[in-house]
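Undergrad: Sharing upload.cif (mmCIF, C-alpha atoms) below.
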data_structure
#
loop_
_atom_site.label_atom_id
_atom_site.label_comp_id
_atom_site.auth_asym_id
_atom_site.auth_seq_id
_atom_site.Cartn_x
_atom_site.Cartn_y
_atom_site.Cartn_z
CA MET D 1212 79.73 4.74 -27.78
CA THR D 1213 78.73 5.14 -24.12
CA GLU D 1214 75.51 6.78 -22.98
CA VAL D 1215 77.50 9.76 -21.71
CA GLU D 1216 79.29 10.16 -25.06
CA ALA D 1217 76.00 9.90 -26.96
CA THR D 1218 74.43 12.57 -24.76
CA HIS D 1219 77.44 14.84 -25.31
CA THR D 1220 77.14 14.34 -29.08
CA GLN D 1221 73.44 15.19 -29.01
CA ARG D 1222 74.19 18.38 -27.07
CA ASN D 1223 76.88 19.45 -29.52
CA ALA D 1224 74.59 18.72 -32.46
CA SER D 1225 71.84 20.91 -31.02
CA THR D 1226 74.21 23.88 -30.78
CA ASN D 1227 75.94 23.46 -34.15
CA VAL D 1228 73.17 25.16 -36.07
CA ASP D 1229 72.37 28.77 -36.94
CA PRO D 1230 68.54 29.10 -36.71
CA SER D 1231 68.61 32.14 -39.01
CA GLU D 1232 70.31 30.06 -41.71
CA VAL D 1233 67.71 27.29 -41.41
CA ASP D 1234 64.89 29.84 -41.52
CA LYS D 1235 66.42 31.50 -44.57
CA PHE D 1236 66.14 28.36 -46.66
CA ASN D 1237 62.84 27.24 -45.15
CA LYS D 1238 61.25 30.43 -46.45
CA LEU D 1239 62.34 29.52 -49.98
CA ALA D 1240 61.17 25.89 -49.77
CA ASN D 1241 58.47 26.27 -52.42
CA GLU D 1242 61.14 27.29 -54.95
CA TRP D 1243 63.46 24.26 -54.65
CA TRP D 1244 62.12 22.57 -57.78
CA ASP D 1245 61.59 25.72 -59.85
CA SER D 1246 64.55 25.61 -62.25
CA THR D 1247 64.19 29.37 -62.84
CA GLY D 1248 63.65 30.34 -59.18
CA ALA D 1249 65.87 31.01 -56.19
CA PHE D 1250 67.75 27.72 -56.66
CA ALA D 1251 68.23 27.96 -60.42
CA THR D 1252 72.02 27.97 -59.92
CA LEU D 1253 71.89 24.61 -58.11
CA HIS D 1254 69.87 23.12 -60.96
CA HIS D 1255 72.44 24.39 -63.46
CA ILE D 1256 75.50 23.09 -61.62
CA ASN D 1257 73.97 19.82 -60.47
CA PRO D 1258 75.07 17.75 -63.51
CA LEU D 1259 78.67 18.95 -62.97
CA ARG D 1260 78.54 18.13 -59.27
CA LEU D 1261 76.89 14.75 -59.84
CA ASN D 1262 79.41 13.59 -62.45
CA TRP D 1263 82.39 14.74 -60.37
CA ILE D 1264 81.03 12.97 -57.30
CA GLU D 1265 80.55 9.74 -59.23
CA GLU D 1266 84.03 9.95 -60.78
CA ASN D 1267 85.53 10.24 -57.31
CA VAL D 1268 83.43 7.40 -55.95
CA LYS D 1269 84.78 5.21 -58.75
CA SER D 1270 88.40 6.29 -58.27
CA GLY D 1271 88.15 6.02 -54.48
CA TYR D 1272 86.90 2.46 -54.59
CA GLN D 1273 89.44 1.57 -57.27
CA ASN D 1274 92.24 2.89 -55.06
CA SER D 1275 90.94 0.87 -52.11
CA ASN D 1276 91.12 -2.28 -54.21
CA GLN D 1277 94.57 -1.77 -55.72
CA ASP D 1278 96.29 -4.39 -53.64
CA GLY D 1279 96.85 -6.78 -56.53
CA ASN D 1280 94.22 -9.20 -55.28
CA GLN D 1281 90.97 -7.39 -55.91
CA SER D 1282 88.04 -9.67 -56.57
CA HIS D 1283 85.59 -9.47 -59.43
CA ASP D 1284 82.99 -8.12 -56.98
CA ALA D 1285 85.38 -5.41 -55.79
CA LYS D 1286 86.12 -4.31 -59.36
CA LYS D 1287 82.42 -4.26 -60.14
CA THR D 1288 81.73 -2.16 -57.04
CA ALA D 1289 84.21 0.47 -58.19
CA GLU D 1290 83.07 0.47 -61.80
CA MET D 1291 79.42 0.88 -60.81
CA GLY D 1292 80.08 4.30 -59.28
CA LEU D 1293 77.05 5.45 -57.28
CA SER D 1294 74.94 2.49 -58.32
CA GLY D 1295 74.41 0.10 -55.44
CA LYS D 1296 76.03 2.44 -52.92
CA LYS D 1297 74.42 3.53 -49.67
CA VAL D 1298 74.64 7.33 -49.79
CA LEU D 1299 74.02 10.07 -47.22
CA ASP D 1300 73.42 13.64 -48.42
CA VAL D 1301 74.06 16.03 -45.51
CA GLY D 1302 72.20 19.33 -45.73
CA CYS D 1303 70.12 18.01 -48.61
CA GLY D 1304 67.80 21.00 -48.84
CA GLY D 1305 65.00 20.28 -51.29
CA GLY D 1306 66.69 17.16 -52.62
CA ILE D 1307 68.13 18.30 -55.96
CA LEU D 1308 71.39 16.36 -55.56
CA ALA D 1309 69.85 13.53 -53.52
CA GLU D 1310 67.33 12.75 -56.27
CA SER D 1311 69.96 12.78 -58.98
CA MET D 1312 72.10 10.29 -57.03
CA ALA D 1313 69.08 8.05 -56.50
CA ARG D 1314 68.45 8.12 -60.25
CA ARG D 1315 72.03 6.87 -60.71
CA GLY D 1316 71.12 3.75 -58.72
CA ALA D 1317 72.18 4.77 -55.21
CA ASP D 1318 70.16 4.12 -52.05
CA VAL D 1319 70.01 7.67 -50.68
CA THR D 1320 69.18 9.21 -47.32
CA GLY D 1321 68.96 12.99 -47.21
CA ILE D 1322 69.12 14.89 -43.92
CA ASP D 1323 68.41 18.54 -43.20
CA LEU D 1324 67.25 20.72 -40.31
CA GLY D 1325 64.81 22.71 -42.43
CA THR D 1326 61.39 21.10 -42.04
CA GLU D 1327 59.92 22.94 -45.03
CA ASN D 1328 62.88 21.91 -47.17
CA LEU D 1329 62.26 18.27 -46.26
CA LYS D 1330 58.56 18.55 -47.08
CA ALA D 1331 59.43 19.85 -50.54
CA ALA D 1332 62.04 17.12 -51.02
CA SER D 1333 59.74 14.31 -49.87
CA LEU D 1334 56.86 15.49 -52.05
CA HIS D 1335 59.05 15.63 -55.14
CA ALA D 1336 60.51 12.19 -54.42
CA GLU D 1337 57.00 10.79 -54.13
CA GLN D 1338 55.97 12.46 -57.39
CA SER D 1339 59.09 11.01 -59.02
CA HIS D 1340 58.30 7.50 -57.69
CA LEU D 1341 61.65 7.27 -55.91
CA GLU D 1342 60.34 6.33 -52.44
CA ASP D 1343 62.00 2.90 -52.56
CA CYS D 1344 65.51 4.31 -52.92
CA LEU D 1345 65.25 7.81 -51.42
CA ARG D 1346 64.17 8.97 -47.97
CA TYR D 1347 64.59 12.10 -45.86
CA GLN D 1348 65.15 12.66 -42.16
CA HIS D 1349 65.06 15.71 -39.89
CA VAL D 1350 68.18 15.04 -37.82
CA PRO D 1351 71.54 16.74 -37.12
CA VAL D 1352 74.41 14.90 -38.77
CA GLU D 1353 76.25 14.63 -35.45
CA SER D 1354 73.26 12.83 -33.91
CA LEU D 1355 73.03 10.46 -36.86
CA ALA D 1356 76.76 9.71 -36.54
CA ALA D 1357 76.19 8.68 -32.92
CA THR D 1358 73.67 6.01 -33.97
CA HIS D 1359 74.70 5.03 -37.53
CA ALA D 1360 78.50 5.14 -37.53
CA GLY D 1361 80.14 3.33 -40.43
CA GLN D 1362 76.89 2.63 -42.27
CA PHE D 1363 77.35 4.62 -45.51
CA ASP D 1364 79.51 4.06 -48.59
CA VAL D 1365 79.35 7.68 -49.75
CA VAL D 1366 78.64 10.94 -47.90
CA THR D 1367 78.08 14.27 -49.62
CA CYS D 1368 77.88 17.67 -47.93
CA MET D 1369 77.41 20.42 -50.49
CA GLU D 1370 77.11 24.17 -49.89
CA MET D 1371 76.47 23.64 -46.19
CA LEU D 1372 79.74 24.04 -44.28
CA GLU D 1373 79.71 27.84 -44.72
CA HIS D 1374 76.29 27.99 -43.00
CA VAL D 1375 77.10 26.36 -39.63
CA PRO D 1376 78.97 27.60 -36.52
CA ASP D 1377 81.37 24.62 -36.38
CA PRO D 1378 82.10 23.10 -39.81
CA SER D 1379 84.84 20.86 -38.38
CA ALA D 1380 82.20 18.98 -36.34
CA ILE D 1381 80.24 18.34 -39.54
CA VAL D 1382 83.37 16.98 -41.25
CA GLN D 1383 84.08 14.68 -38.29
CA ALA D 1384 80.51 13.37 -38.35
CA CYS D 1385 80.83 12.66 -42.10
CA TYR D 1386 83.97 10.65 -41.36
CA ASP D 1387 82.28 8.69 -38.59
CA LEU D 1388 79.27 7.84 -40.76
CA LEU D 1389 81.39 6.34 -43.54
CA ALA D 1390 82.36 2.70 -43.76
CA PRO D 1391 86.12 2.09 -44.18
CA GLY D 1392 87.08 2.86 -47.77
CA GLY D 1393 84.08 5.15 -48.19
CA VAL D 1394 84.24 8.43 -50.10
CA CYS D 1395 83.13 11.87 -48.91
CA VAL D 1396 82.62 14.90 -51.16
CA LEU D 1397 82.42 18.38 -49.64
CA SER D 1398 81.83 21.73 -51.31
CA THR D 1399 82.08 25.27 -49.99
CA LEU D 1400 83.37 28.78 -50.80
CA ASN D 1401 86.93 30.02 -50.53
CA ARG D 1402 87.57 33.16 -48.47
CA ASN D 1403 89.50 35.90 -50.29
CA PRO D 1404 88.76 39.22 -52.05
CA LYS D 1405 87.95 37.45 -55.33
CA SER D 1406 85.37 35.16 -53.72
CA TYR D 1407 83.76 38.17 -52.01
CA LEU D 1408 83.54 39.96 -55.35
CA PHE D 1409 82.18 36.98 -57.27
CA ALA D 1410 80.08 35.07 -54.71
CA ILE D 1411 78.51 38.01 -52.87
CA ILE D 1412 78.77 41.23 -54.88
CA GLY D 1413 78.44 39.51 -58.26
CA ALA D 1414 76.08 36.61 -57.52
CA GLU D 1415 73.82 38.29 -54.96
CA TYR D 1416 73.79 41.98 -55.95
CA VAL D 1417 74.74 42.34 -59.61
CA LEU D 1418 73.64 39.15 -61.38
CA ARG D 1419 71.06 38.25 -58.71
CA LEU D 1420 71.79 34.55 -59.11
CA LEU D 1421 71.17 34.21 -55.36
CA ASP D 1422 69.02 36.10 -52.88
CA ARG D 1423 70.82 38.86 -51.00
CA GLY D 1424 72.14 37.62 -47.67
CA THR D 1425 72.49 34.01 -48.82
CA HIS D 1426 76.14 33.99 -47.77
CA ASP D 1427 78.20 35.43 -44.93
CA TYR D 1428 81.75 36.12 -46.14
CA ALA D 1429 83.19 35.58 -42.66
CA LYS D 1430 82.00 31.96 -42.77
CA PHE D 1431 83.74 31.14 -46.05
CA ILE D 1432 86.40 28.42 -45.70
CA THR D 1433 89.79 28.39 -47.40
CA PRO D 1434 91.03 25.12 -48.94
CA ALA D 1435 93.85 25.08 -46.37
CA GLU D 1436 91.34 25.33 -43.51
CA LEU D 1437 89.16 22.57 -44.97
CA ASP D 1438 92.22 20.43 -45.63
CA LYS D 1439 93.15 20.71 -41.94
CA MET D 1440 89.62 19.69 -40.92
CA VAL D 1441 89.57 16.58 -43.11
CA LEU D 1442 93.05 15.45 -42.08
CA ASN D 1443 92.28 15.98 -38.39
CA SER D 1444 89.14 13.88 -38.84
CA GLY D 1445 91.15 11.01 -40.30
CA PHE D 1446 90.41 11.39 -44.00
CA ARG D 1447 92.93 11.01 -46.80
CA ARG D 1448 93.01 13.58 -49.59
CA GLN D 1449 91.72 12.45 -52.97
CA ASP D 1450 90.93 15.36 -55.32
CA ILE D 1451 89.95 19.04 -55.40
CA ILE D 1452 88.31 21.07 -58.17
CA GLY D 1453 86.93 24.58 -58.68
CA LEU D 1454 83.51 25.48 -60.06
CA HIS D 1455 83.38 28.46 -62.46
CA TYR D 1456 80.72 30.58 -64.18
CA ASN D 1457 80.78 32.97 -67.13
CA PRO D 1458 77.89 35.46 -66.77
CA LEU D 1459 78.09 36.43 -70.44
CA THR D 1460 77.72 32.92 -71.84
CA LYS D 1461 75.90 31.59 -68.74
CA ARG D 1462 78.16 28.55 -68.83
CA TYR D 1463 79.39 26.60 -65.81
CA TRP D 1464 82.50 24.42 -65.85
CA LEU D 1465 85.05 22.72 -63.60
CA ALA D 1466 88.72 23.73 -63.51
CA GLN D 1467 91.75 23.51 -61.22
CA ASN D 1468 91.41 27.10 -59.97
CA VAL D 1469 89.74 27.01 -56.52
CA ASP D 1470 89.61 30.75 -55.82
CA VAL D 1471 85.82 30.87 -55.37
CA ASN D 1472 83.60 27.76 -55.32
CA TYR D 1473 85.33 24.43 -54.89
CA MET D 1474 84.69 20.75 -54.16
CA LEU D 1475 86.94 18.42 -52.20
CA ALA D 1476 86.84 14.61 -52.36
CA VAL D 1477 88.38 12.62 -49.50
CA GLN D 1478 88.39 8.99 -48.44
CA LYS D 1479 88.17 7.12 -45.15
CA PRO D 1480 91.10 4.66 -44.97
CA LEU D 1481 90.40 0.94 -44.89
CA ILE D 1482 92.49 0.88 -41.74
CA GLU D 1483 92.18 3.98 -39.61
CA ASP D 1484 95.49 5.73 -39.12
CA LYS D 1485 94.49 8.63 -36.85
CA PHE D 1486 96.92 9.49 -34.09
#
I'd like the structure from this file rewritten - as structure tokens, please.
TA:
Amino acid sequence: MTEVEATHTQRNASTNVDPSEVDKFNKLANEWWDSTGAFATLHHINPLRLNWIEENVKSGYQNSNQDGNQSHDAKKTAEMGLSGKKVLDVGCGGGILAESMARRGADVTGIDLGTENLKAASLHAEQSHLEDCLRYQHVPVESLAATHAGQFDVVTCMEMLEHVPDPSAIVQACYDLLAPGGVCVLSTLNRNPKSYLFAIIGAEYVLRLLDRGTHDYAKFITPAELDKMVLNSGFRRQDIIGLHYNPLTKRYWLAQNVDVNYMLAVQKPLIEDKF
């Protein structure tokens, strides 16, 4: 990357942020690790997210090695899932997912633009004695992509795309940061009347699972829109799943219906085939 290109990337990164969104989560920073507080929902769904991410890391690396000549080391790499992988968690918040991936044996870097979020994440990592395999940085993902392209095996970006002005730029940066064959997992909210009813009216006003104003319906992203972003970036589709909640039983589960919350797993080809 030339100096001019790097400067252009830095400029774009500085504008692809909504200060009100960053401030919103900064104000709740002291609640990140309260499993009954403002982020209780993230604590509840984290095991589902973590297992699905690891399953797709395994399948992604298995697919990359299905050439009939995969070595013992290649097979082991796939079977190990997150263990031994260099992982980047984009928009890590207080570190709920980042810590859980580190506990699975990954070497994790979490990035966020909320300074108070990062303080909470770093303090909890220190208290959990995870400093050797988990670190946090205050840096836009586009800026990191300009200096660390191709340096990660796995990139996650969960519940962030619907909070930025240009989600496609985030997706492109995730692609650039991955090594060939690497796996990226994204999650966001679909945009339709059902998602408005469940994610805003239900979650924020009726059940009060989230603080009012957490989400802006206009920023929700349909699977078709996200699919276009990942394909334009150069990714190959891998898997998609919906996240569901029953307020009566308070049970969360994964299913094929992606009407509201959903996760998308994609892979960077071993040989880039962008046109």
Undergrad: Is it possible to get the axis-aligned box enclosing segment 1252-1267 of chain D (all listed atoms, 6 Å extra per side) as JSON, with centre and edge lengths in Å rounded to one decimal?
TA:
{"center_x": 77.7, "center_y": 18.9, "center_z": -60.4, "size_x": 27.7, "size_y": 30.2, "size_z": 18.2}
Undergrad: Calculate how many Å separate atom CA of Val1375 of chain D from atom CA of Thr1252 of chain D, rounding to one decimal.
TA: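 For atom CA of Val1375 of chain D relative to atom CA of Thr1252 of chain D, the distance reads 21.0 Å.
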Undergrad: Residues within 10 Å of segment 1445-1454 of chain D, please, as a CSV table (one decimal) with C-alpha atoms, keeping the file's coordinate frame. Count all atoms listed in the file; anything in the same chain fewer than 4 positions from it doesn't count.
TA:
chain,number,residue,atom,x,y,z
D,1256,ILE,CA,75.5,23.1,-61.6
D,1259,LEU,CA,78.7,19.0,-63.0
D,1260,ARG,CA,78.5,18.1,-59.3
D,1263,TRP,CA,82.4,14.7,-60.4
D,1267,ASN,CA,85.5,10.2,-57.3
D,1270,SER,CA,88.4,6.3,-58.3
D,1271,GLY,CA,88.2,6.0,-54.5
D,1274,ASN,CA,92.2,2.9,-55.1
D,1382,VAL,CA,83.4,17.0,-41.2
D,1383,GLN,CA,84.1,14.7,-38.3
D,1385,CYS,CA,80.8,12.7,-42.1
D,1386,TYR,CA,84.0,10.6,-41.4
D,1387,ASP,CA,82.3,8.7,-38.6
D,1392,GLY,CA,87.1,2.9,-47.8
D,1393,GLY,CA,84.1,5.2,-48.2
D,1394,VAL,CA,84.2,8.4,-50.1
D,1395,CYS,CA,83.1,11.9,-48.9
D,1396,VAL,CA,82.6,14.9,-51.2
D,1397,LEU,CA,82.4,18.4,-49.6
D,1398,SER,CA,81.8,21.7,-51.3
D,1399,THR,CA,82.1,25.3,-50.0
D,1400,LEU,CA,83.4,28.8,-50.8
D,1401,ASN,CA,86.9,30.0,-50.5
D,1434,PRO,CA,91.0,25.1,-48.9
D,1438,ASP,CA,92.2,20.4,-45.6
D,1439,LYS,CA,93.2,20.7,-41.9
D,1440,MET,CA,89.6,19.7,-40.9
D,1441,VAL,CA,89.6,16.6,-43.1
D,1463,TYR,CA,79.4,26.6,-65.8
D,1464,TRP,CA,82.5,24.4,-65.8
D,1465,LEU,CA,85.0,22.7,-63.6
D,1466,ALA,CA,88.7,23.7,-63.5
D,1467,GLN,CA,91.8,23.5,-61.2
D,1468,ASN,CA,91.4,27.1,-60.0
D,1469,VAL,CA,89.7,27.0,-56.5
D,1470,ASP,CA,89.6,30.8,-55.8
D,1471,VAL,CA,85.8,30.9,-55.4
D,1472,ASN,CA,83.6,27.8,-55.3
D,1473,TYR,CA,85.3,24.4,-54.9
D,1474,MET,CA,84.7,20.8,-54.2
D,1475,LEU,CA,86.9,18.4,-52.2
D,1476,ALA,CA,86.8,14.6,-52.4
D,1477,VAL,CA,88.4,12.6,-49.5
D,1478,GLN,CA,88.4,9.0,-48.4
D,1479,LYS,CA,88.2,7.1,-45.2
D,1480,PRO,CA,91.1,4.7,-45.0
D,1483,GLU,CA,92.2,4.0,-39.6
D,1484,ASP,CA,95.5,5.7,-39.1
D,1485,LYS,CA,94.5,8.6,-36.8
D,1486,PHE,CA,96.9,9.5,-34.1
Undergrad: Rank nothing, just name the residue among D:Leu1253, D:Ala1336, D:Leu1481, D:Leu1324 nearest to Leu1389 of chain D, using all atoms listed in the file.
TA: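 Result for the nearest residue to Leu1389 of chain D: D:Leu1481.
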Undergrad: Using the chain letters and numbers from the file, give me the residues hit by the PyMOL selection byres ((chain D and resi 1281-1297) around 12), as a count of residues only.
TA: 51
Undergrad: In Å, rounded to a single decimal, give me how far atom CA of Leu1437 of chain D is from atom CA of Ala1356 of chain D.
TA: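 Interatomic distance here is 19.8 Å.
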Undergrad: As a check of understanding, name the residues that the PyMOL selection byres ((chain D and resi 1236-1251) around 8) selects in the supplied structure, as a PyMOL selection string.
TA: chain D and resi 1232-1235+1252-1255+1304-1305+1307+1325-1328+1331+1420-1422
Undergrad: Could you tell me, as a PyMOL selection string, which residues have any atom at most 10 Å from (73.9, 35.3, -52.8), counting all atoms listed in the file?
TA: chain D and resi 1249+1409-1427
Undergrad: May I have the protein, DNA and RNA residues with any atom at most 9 Å from the point (75.2, 22.8, -48.1), counting only C-alpha atoms, written as a list of chain:residue names?
TA: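 All residues meeting the 9 Å criterion around (75.2, 22.8, -48.1) are D:Val1301, D:Gly1302, D:Cys1303, D:Gly1304, D:Cys1368, D:Met1369, D:Glu1370, D:Met1371, D:Leu1372, D:Glu1373, D:His1374, D:Leu1397, D:Ser1398, D:Thr1399.
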